[in-house]
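Notes follow the structure.
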Amino acid sequence: MSVSLPRPATLRASVWGLGLAVAATALAASPAAAVPDVDTFTLDVPAAASAGDEFDVTLTASAVSDLYAYEVVLAYDADLLTPDLDGVTLPEGGFDDVTGDEGVVVLTHTRLGSSPGLEGDLTLAALSFTVTDGVTGGSGTSIDTTVDVVSVGLVGADGETLLVEDAAAATITIAAVEQPGEPEPTTDPVDPGPTDPSEPTDDTTSAAPVSSEPSPGASSGGDADGTGGSLASTGAAVGTFVAIALLAVVSGIVLVRRRAVMSR
């Protein structure tokens, strides 16, 4: 992704204005002013990240000479990434300023007073971004997004300035979001069919047979006191109990099968 942003007039004016301020406060100007120089800029980002991940972005410069102040403009896709503007790391010593707008971060650092300019290989800025949750649309789809160093404005200790545009860029792949798959169709449990209450099951013991002999003290016509029910009604009560027990067993088997199917 190549980001092309309009260059705000204030950017160039701020860099040039900072350079003039440094030149005005310099104790003495060298006869032949040297322009601040950087060999290469490098922007480091991880190769890939997932939705919700936080990752670091580091901008380094090699072979820096006479760098008193600088301003870095970073561009990113605001729909995919969110910068942490409170956690930016800039060189120690001096004054720092971090501002941001949607899709743009501006990082400024300057030395103070008669401090010498920065030299050598330097880390100009380090900050973190967070990948927006749910940024990819479907399983198997990834998105490549680029963080661009749109410009770097450099100011030397003697007030000389240099503006480097399109200084560096790095691309990161946002991994696809795993989408929940379609639930597998469940198989209806097999109906075990009608059960003969007289046949024992694996989970129950057979009911004791009802004796046709009358119990002691009772006649064939009723209870011992002559007011109870008949043996036929007693057998019906036992049969009902056995049927209820078998239904409970069958219901338990069906429930276990259904849970087994649903857990596949």
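Each chain of the structure tokens is named A, B, ... in the order shown, its residues numbered from 1; ligands are numbered from 1 in display order.
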
For this session: From the DSSP assignment of the backbone, select every residue of segment 41-94 of chain A that is strand (DSSP E), and format the answer as an MDAnalysis selection string.
Result: chainID A and resid 41:44 48:49 54:67 69:75 81:83

Could you dump the residues just selected with N, CA and C atoms as a PDB file, in the first residue's frame?
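Below you can see part.pdb, which holds the result:
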```
ATOM      1  N   PHE A  41      17.697   5.303   6.136  1.00  0.00           N
ATOM      2  CA  PHE A  41      16.634   5.152   7.137  1.00  0.00           C
ATOM      3  C   PHE A  41      16.078   3.732   7.007  1.00  0.00           C
ATOM      4  N   THR A  42      15.800   3.121   8.141  1.00  0.00           N
ATOM      5  CA  THR A  42      15.234   1.766   8.140  1.00  0.00           C
ATOM      6  C   THR A  42      14.046   1.713   9.088  1.00  0.00           C
ATOM      7  N   LEU A  43      12.929   1.182   8.585  1.00  0.00           N
ATOM      8  CA  LEU A  43      11.721   1.040   9.396  1.00  0.00           C
ATOM      9  C   LEU A  43      11.496  -0.451   9.632  1.00  0.00           C
ATOM     10  N   ASP A  44      11.530  -0.846  10.896  1.00  0.00           N
ATOM     11  CA  ASP A  44      11.364  -2.256  11.248  1.00  0.00           C
ATOM     12  C   ASP A  44       9.974  -2.514  11.810  1.00  0.00           C
ATOM     13  N   ALA A  48       4.197 -10.291  10.435  1.00  0.00           N
ATOM     14  CA  ALA A  48       2.762 -10.568  10.498  1.00  0.00           C
ATOM     15  C   ALA A  48       2.245 -10.322  11.902  1.00  0.00           C
ATOM     16  N   ALA A  49       0.945 -10.072  11.987  1.00  0.00           N
ATOM     17  CA  ALA A  49       0.250  -9.901  13.259  1.00  0.00           C
ATOM     18  C   ALA A  49      -1.200 -10.291  13.062  1.00  0.00           C
ATOM     19  N   GLU A  54      -0.567  -6.303  19.480  1.00  0.00           N
ATOM     20  CA  GLU A  54       0.212  -5.064  19.553  1.00  0.00           C
ATOM     21  C   GLU A  54       1.614  -5.368  19.050  1.00  0.00           C
ATOM     22  N   PHE A  55       2.141  -4.515  18.190  1.00  0.00           N
ATOM     23  CA  PHE A  55       3.485  -4.740  17.655  1.00  0.00           C
ATOM     24  C   PHE A  55       4.258  -3.423  17.640  1.00  0.00           C
ATOM     25  N   ASP A  56       5.596  -3.548  17.609  1.00  0.00           N
ATOM     26  CA  ASP A  56       6.482  -2.386  17.676  1.00  0.00           C
ATOM     27  C   ASP A  56       6.935  -1.967  16.288  1.00  0.00           C
ATOM     28  N   VAL A  57       7.077  -0.662  16.125  1.00  0.00           N
ATOM     29  CA  VAL A  57       7.626  -0.066  14.913  1.00  0.00           C
ATOM     30  C   VAL A  57       8.833   0.774  15.324  1.00  0.00           C
ATOM     31  N   THR A  58       9.973   0.533  14.678  1.00  0.00           N
ATOM     32  CA  THR A  58      11.202   1.237  15.043  1.00  0.00           C
ATOM     33  C   THR A  58      11.815   1.873  13.805  1.00  0.00           C
ATOM     34  N   LEU A  59      12.121   3.155  13.902  1.00  0.00           N
ATOM     35  CA  LEU A  59      12.787   3.883  12.820  1.00  0.00           C
ATOM     36  C   LEU A  59      14.223   4.159  13.243  1.00  0.00           C
ATOM     37  N   THR A  60      15.173   3.646  12.454  1.00  0.00           N
ATOM     38  CA  THR A  60      16.592   3.873  12.745  1.00  0.00           C
ATOM     39  C   THR A  60      17.242   4.621  11.583  1.00  0.00           C
ATOM     40  N   ALA A  61      18.348   5.268  11.883  1.00  0.00           N
ATOM     41  CA  ALA A  61      19.119   5.999  10.873  1.00  0.00           C
ATOM     42  C   ALA A  61      20.592   5.638  11.047  1.00  0.00           C
ATOM     43  N   SER A  62      21.270   5.416   9.936  1.00  0.00           N
ATOM     44  CA  SER A  62      22.684   5.044   9.995  1.00  0.00           C
ATOM     45  C   SER A  62      23.557   6.196   9.518  1.00  0.00           C
ATOM     46  N   ALA A  63      24.767   6.229  10.069  1.00  0.00           N
ATOM     47  CA  ALA A  63      25.773   7.227   9.677  1.00  0.00           C
ATOM     48  C   ALA A  63      25.233   8.656   9.781  1.00  0.00           C
ATOM     49  N   VAL A  64      24.605   8.948  10.917  1.00  0.00           N
ATOM     50  CA  VAL A  64      24.068  10.300  11.144  1.00  0.00           C
ATOM     51  C   VAL A  64      25.213  11.244  11.493  1.00  0.00           C
ATOM     52  N   SER A  65      25.119  12.475  10.995  1.00  0.00           N
ATOM     53  CA  SER A  65      26.125  13.484  11.351  1.00  0.00           C
ATOM     54  C   SER A  65      25.445  14.829  11.591  1.00  0.00           C
ATOM     55  N   ASP A  66      25.836  15.469  12.679  1.00  0.00           N
ATOM     56  CA  ASP A  66      25.419  16.839  12.992  1.00  0.00           C
ATOM     57  C   ASP A  66      23.891  17.001  12.980  1.00  0.00           C
ATOM     58  N   LEU A  67      23.200  16.098  13.669  1.00  0.00           N
ATOM     59  CA  LEU A  67      21.738  16.150  13.703  1.00  0.00           C
ATOM     60  C   LEU A  67      21.296  16.779  15.022  1.00  0.00           C
ATOM     61  N   ALA A  69      18.172  18.510  15.372  1.00  0.00           N
ATOM     62  CA  ALA A  69      16.724  18.337  15.528  1.00  0.00           C
ATOM     63  C   ALA A  69      16.173  17.631  14.299  1.00  0.00           C
ATOM     64  N   TYR A  70      15.015  16.987  14.485  1.00  0.00           N
ATOM     65  CA  TYR A  70      14.379  16.335  13.341  1.00  0.00           C
ATOM     66  C   TYR A  70      12.888  16.182  13.607  1.00  0.00           C
ATOM     67  N   GLU A  71      12.160  16.018  12.515  1.00  0.00           N
ATOM     68  CA  GLU A  71      10.715  15.794  12.583  1.00  0.00           C
ATOM     69  C   GLU A  71      10.361  14.661  11.621  1.00  0.00           C
ATOM     70  N   VAL A  72       9.709  13.615  12.135  1.00  0.00           N
ATOM     71  CA  VAL A  72       9.341  12.438  11.352  1.00  0.00           C
ATOM     72  C   VAL A  72       7.824  12.413  11.186  1.00  0.00           C
ATOM     73  N   VAL A  73       7.365  12.176   9.952  1.00  0.00           N
ATOM     74  CA  VAL A  73       5.937  12.041   9.671  1.00  0.00           C
ATOM     75  C   VAL A  73       5.682  10.604   9.226  1.00  0.00           C
ATOM     76  N   LEU A  74       4.901   9.873  10.029  1.00  0.00           N
ATOM     77  CA  LEU A  74       4.529   8.491   9.718  1.00  0.00           C
ATOM     78  C   LEU A  74       3.089   8.449   9.217  1.00  0.00           C
ATOM     79  N   ALA A  75       2.822   7.618   8.222  1.00  0.00           N
ATOM     80  CA  ALA A  75       1.458   7.405   7.729  1.00  0.00           C
ATOM     81  C   ALA A  75       1.105   5.928   7.859  1.00  0.00           C
ATOM     82  N   LEU A  81      -4.993  -0.044  11.935  1.00  0.00           N
ATOM     83  CA  LEU A  81      -4.022   0.113  13.006  1.00  0.00           C
ATOM     84  C   LEU A  81      -4.356   1.317  13.883  1.00  0.00           C
ATOM     85  N   THR A  82      -3.951   1.217  15.160  1.00  0.00           N
ATOM     86  CA  THR A  82      -4.101   2.326  16.108  1.00  0.00           C
ATOM     87  C   THR A  82      -2.777   2.526  16.831  1.00  0.00           C
ATOM     88  N   PRO A  83      -2.171   3.718  16.750  1.00  0.00           N
ATOM     89  CA  PRO A  83      -0.880   3.940  17.407  1.00  0.00           C
ATOM     90  C   PRO A  83      -1.044   4.257  18.890  1.00  0.00           C
TER      91      PRO A  83
END
```

For this session: Name the residues in contact with Val131 of chain A at a cut-off of 6 Å, using only C-alpha atoms, excluding same-chain residues fewer than 3 positions from it; report them as a ChimeraX atom specification.
Result: /A:51-53,80-81

For this session: Can you pull out every residue within 10 Å of segment 99-114 of chain A, counting only C-alpha atoms, but drop anything in the same chain fewer than 6 positions away, and send it as a VMD selection string?
Result: chain A and resid 3 5 11 15 18 22 25 to 27 67 to 86 88 to 93 124 to 126 147 to 155 157

Hey, can you spit out that residue selection with N, CA and C atoms as a CSV table (one decimal), in the first residue's frame?
```csv
chain,number,residue,atom,x,y,z
A,3,VAL,N,1.0,5.2,0.5
A,3,VAL,CA,0.2,6.2,1.0
A,3,VAL,C,0.7,7.6,0.5
A,5,LEU,N,0.0,11.5,0.9
A,5,LEU,CA,-0.7,12.5,1.7
A,5,LEU,C,-0.3,13.9,1.2
A,11,LEU,N,4.2,21.7,8.1
A,11,LEU,CA,5.3,20.7,8.3
A,11,LEU,C,6.6,21.3,7.8
A,15,VAL,N,9.8,22.8,10.3
A,15,VAL,CA,11.2,22.3,10.2
A,15,VAL,C,12.1,23.5,9.9
A,18,LEU,N,12.3,25.8,12.8
A,18,LEU,CA,13.2,25.3,13.9
A,18,LEU,C,14.7,25.5,13.5
A,22,VAL,N,17.4,27.7,15.6
A,22,VAL,CA,18.7,27.2,16.1
A,22,VAL,C,19.9,28.1,15.6
A,25,THR,N,20.3,31.2,17.6
A,25,THR,CA,20.8,31.1,19.0
A,25,THR,C,22.2,30.5,19.0
A,26,ALA,N,22.7,30.1,17.8
A,26,ALA,CA,24.1,29.5,17.8
A,26,ALA,C,25.1,30.6,18.2
A,27,LEU,N,26.1,30.1,19.0
A,27,LEU,CA,27.1,31.1,19.4
A,27,LEU,C,28.0,31.6,18.3
A,67,LEU,N,23.2,16.1,13.7
A,67,LEU,CA,21.7,16.2,13.7
A,67,LEU,C,21.3,16.8,15.0
A,68,TYR,N,20.9,18.0,14.9
A,68,TYR,CA,20.5,18.8,16.1
A,68,TYR,C,19.0,18.6,16.4
A,69,ALA,N,18.2,18.5,15.4
A,69,ALA,CA,16.7,18.3,15.5
A,69,ALA,C,16.2,17.6,14.3
A,70,TYR,N,15.0,17.0,14.5
A,70,TYR,CA,14.4,16.3,13.3
A,70,TYR,C,12.9,16.2,13.6
A,71,GLU,N,12.2,16.0,12.5
A,71,GLU,CA,10.7,15.8,12.6
A,71,GLU,C,10.4,14.7,11.6
A,72,VAL,N,9.7,13.6,12.1
A,72,VAL,CA,9.3,12.4,11.4
A,72,VAL,C,7.8,12.4,11.2
A,73,VAL,N,7.4,12.2,10.0
A,73,VAL,CA,5.9,12.0,9.7
A,73,VAL,C,5.7,10.6,9.2
A,74,LEU,N,4.9,9.9,10.0
A,74,LEU,CA,4.5,8.5,9.7
A,74,LEU,C,3.1,8.4,9.2
A,75,ALA,N,2.8,7.6,8.2
A,75,ALA,CA,1.5,7.4,7.7
A,75,ALA,C,1.1,5.9,7.9
A,76,TYR,N,-0.2,5.7,8.2
A,76,TYR,CA,-0.6,4.3,8.4
A,76,TYR,C,-2.1,4.2,8.0
A,77,ASP,N,-2.6,3.0,7.9
A,77,ASP,CA,-4.1,2.8,7.6
A,77,ASP,C,-4.8,2.8,8.9
A,78,ALA,N,-5.6,3.9,9.2
A,78,ALA,CA,-6.3,4.1,10.4
A,78,ALA,C,-7.4,3.0,10.6
A,79,ASP,N,-7.9,2.4,9.5
A,79,ASP,CA,-8.9,1.4,9.6
A,79,ASP,C,-8.3,0.1,10.2
A,80,LEU,N,-7.0,-0.1,10.0
A,80,LEU,CA,-6.4,-1.4,10.5
A,80,LEU,C,-5.6,-1.2,11.7
A,81,LEU,N,-5.0,0.0,11.9
A,81,LEU,CA,-4.0,0.1,13.0
A,81,LEU,C,-4.4,1.3,13.9
A,82,THR,N,-4.0,1.2,15.2
A,82,THR,CA,-4.1,2.3,16.1
A,82,THR,C,-2.8,2.5,16.8
A,83,PRO,N,-2.2,3.7,16.8
A,83,PRO,CA,-0.9,3.9,17.4
A,83,PRO,C,-1.0,4.3,18.9
A,84,ASP,N,0.0,3.9,19.7
A,84,ASP,CA,0.0,4.3,21.1
A,84,ASP,C,0.9,5.5,21.2
A,85,LEU,N,0.2,6.7,21.2
A,85,LEU,CA,1.0,8.0,21.2
A,85,LEU,C,1.6,8.3,22.6
A,86,ASP,N,1.1,7.6,23.6
A,86,ASP,CA,1.7,7.8,25.0
A,86,ASP,C,2.9,7.0,25.2
A,88,VAL,N,5.6,6.5,23.0
A,88,VAL,CA,6.7,6.7,22.0
A,88,VAL,C,8.0,6.9,22.7
A,89,THR,N,9.1,6.3,22.2
A,89,THR,CA,10.4,6.5,22.7
A,89,THR,C,11.2,7.3,21.7
A,90,LEU,N,11.8,8.4,22.1
A,90,LEU,CA,12.7,9.2,21.3
A,90,LEU,C,14.1,9.3,22.0
A,91,PRO,N,15.1,9.9,21.4
A,91,PRO,CA,16.4,9.9,22.0
A,91,PRO,C,16.3,10.7,23.4
A,92,GLU,N,17.2,10.3,24.3
A,92,GLU,CA,17.2,11.0,25.6
A,92,GLU,C,17.9,12.3,25.5
A,93,GLY,N,17.4,13.2,26.3
A,93,GLY,CA,18.0,14.6,26.3
A,93,GLY,C,17.4,15.5,25.3
A,124,LEU,N,15.7,6.7,15.9
A,124,LEU,CA,15.1,8.0,15.9
A,124,LEU,C,13.7,8.0,16.6
A,125,ALA,N,13.0,6.8,16.5
A,125,ALA,CA,11.7,6.7,17.2
A,125,ALA,C,11.3,5.3,17.3
A,126,ALA,N,10.6,5.0,18.3
A,126,ALA,CA,10.0,3.6,18.5
A,126,ALA,C,8.6,3.8,19.1
A,147,VAL,N,3.3,0.8,6.7
A,147,VAL,CA,3.6,2.0,7.5
A,147,VAL,C,4.6,2.7,6.8
A,148,ASP,N,4.4,4.0,6.4
A,148,ASP,CA,5.3,4.8,5.6
A,148,ASP,C,5.9,5.9,6.4
A,149,VAL,N,7.2,6.1,6.2
A,149,VAL,CA,7.8,7.3,6.7
A,149,VAL,C,7.7,8.4,5.5
A,150,VAL,N,6.7,9.2,5.6
A,150,VAL,CA,6.4,10.1,4.5
A,150,VAL,C,7.5,11.1,4.4
A,151,SER,N,8.0,11.6,5.5
A,151,SER,CA,9.1,12.6,5.4
A,151,SER,C,9.9,12.6,6.7
A,152,VAL,N,11.1,13.1,6.6
A,152,VAL,CA,12.0,13.3,7.7
A,152,VAL,C,12.7,14.7,7.5
A,153,GLY,N,12.4,15.6,8.4
A,153,GLY,CA,13.0,17.0,8.3
A,153,GLY,C,14.2,17.0,9.2
A,154,LEU,N,15.4,17.3,8.7
A,154,LEU,CA,16.6,17.3,9.5
A,154,LEU,C,17.1,18.7,9.7
A,155,VAL,N,17.6,19.0,10.9
A,155,VAL,CA,18.2,20.4,11.2
A,155,VAL,C,19.5,20.2,11.8
A,157,ALA,N,23.2,21.6,13.6
A,157,ALA,CA,23.5,22.5,14.8
A,157,ALA,C,23.7,23.9,14.4
```

Problem set entry | Separation of atom CA of Gly94 of chain A from atom CA of Ala170 of chain A in Å |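 Computing the Euclidean distance for atom CA of Ala170 of chain A and atom CA of Gly94 of chain A yields 28.2 Å.
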
Exercise. If you measure from atom CA of Val35 of chain A to atom CA of Pro116 of chain A, what distance in Å do you get, rounded to one decimal?
Worked result: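 Pair atom CA of Val35 of chain A / atom CA of Pro116 of chain A returns 14.4 Å.
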
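If you look at atom CA of Ala167 of chain A and atom CA of Asp96 of chain A, they are 20.5 Å away from each other.
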
Problem set entry | Which of A:Ala47, A:Ala34, A:Val98, A:Ile174 sits closest to Val135 of chain A [using only C-alpha atoms] |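 The closest residue to Val135 of chain A is A:Ile174.
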
For this session: Between A:Leu163, A:Thr40, A:Ile143, A:Asp158, single out the one closest to Ala176 of chain A, counting only C-alpha atoms.
Result: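 Of A:Leu163, A:Thr40, A:Ile143, A:Asp158, the one nearest Ala176 of chain A is A:Ile143, counting only C-alpha atoms.
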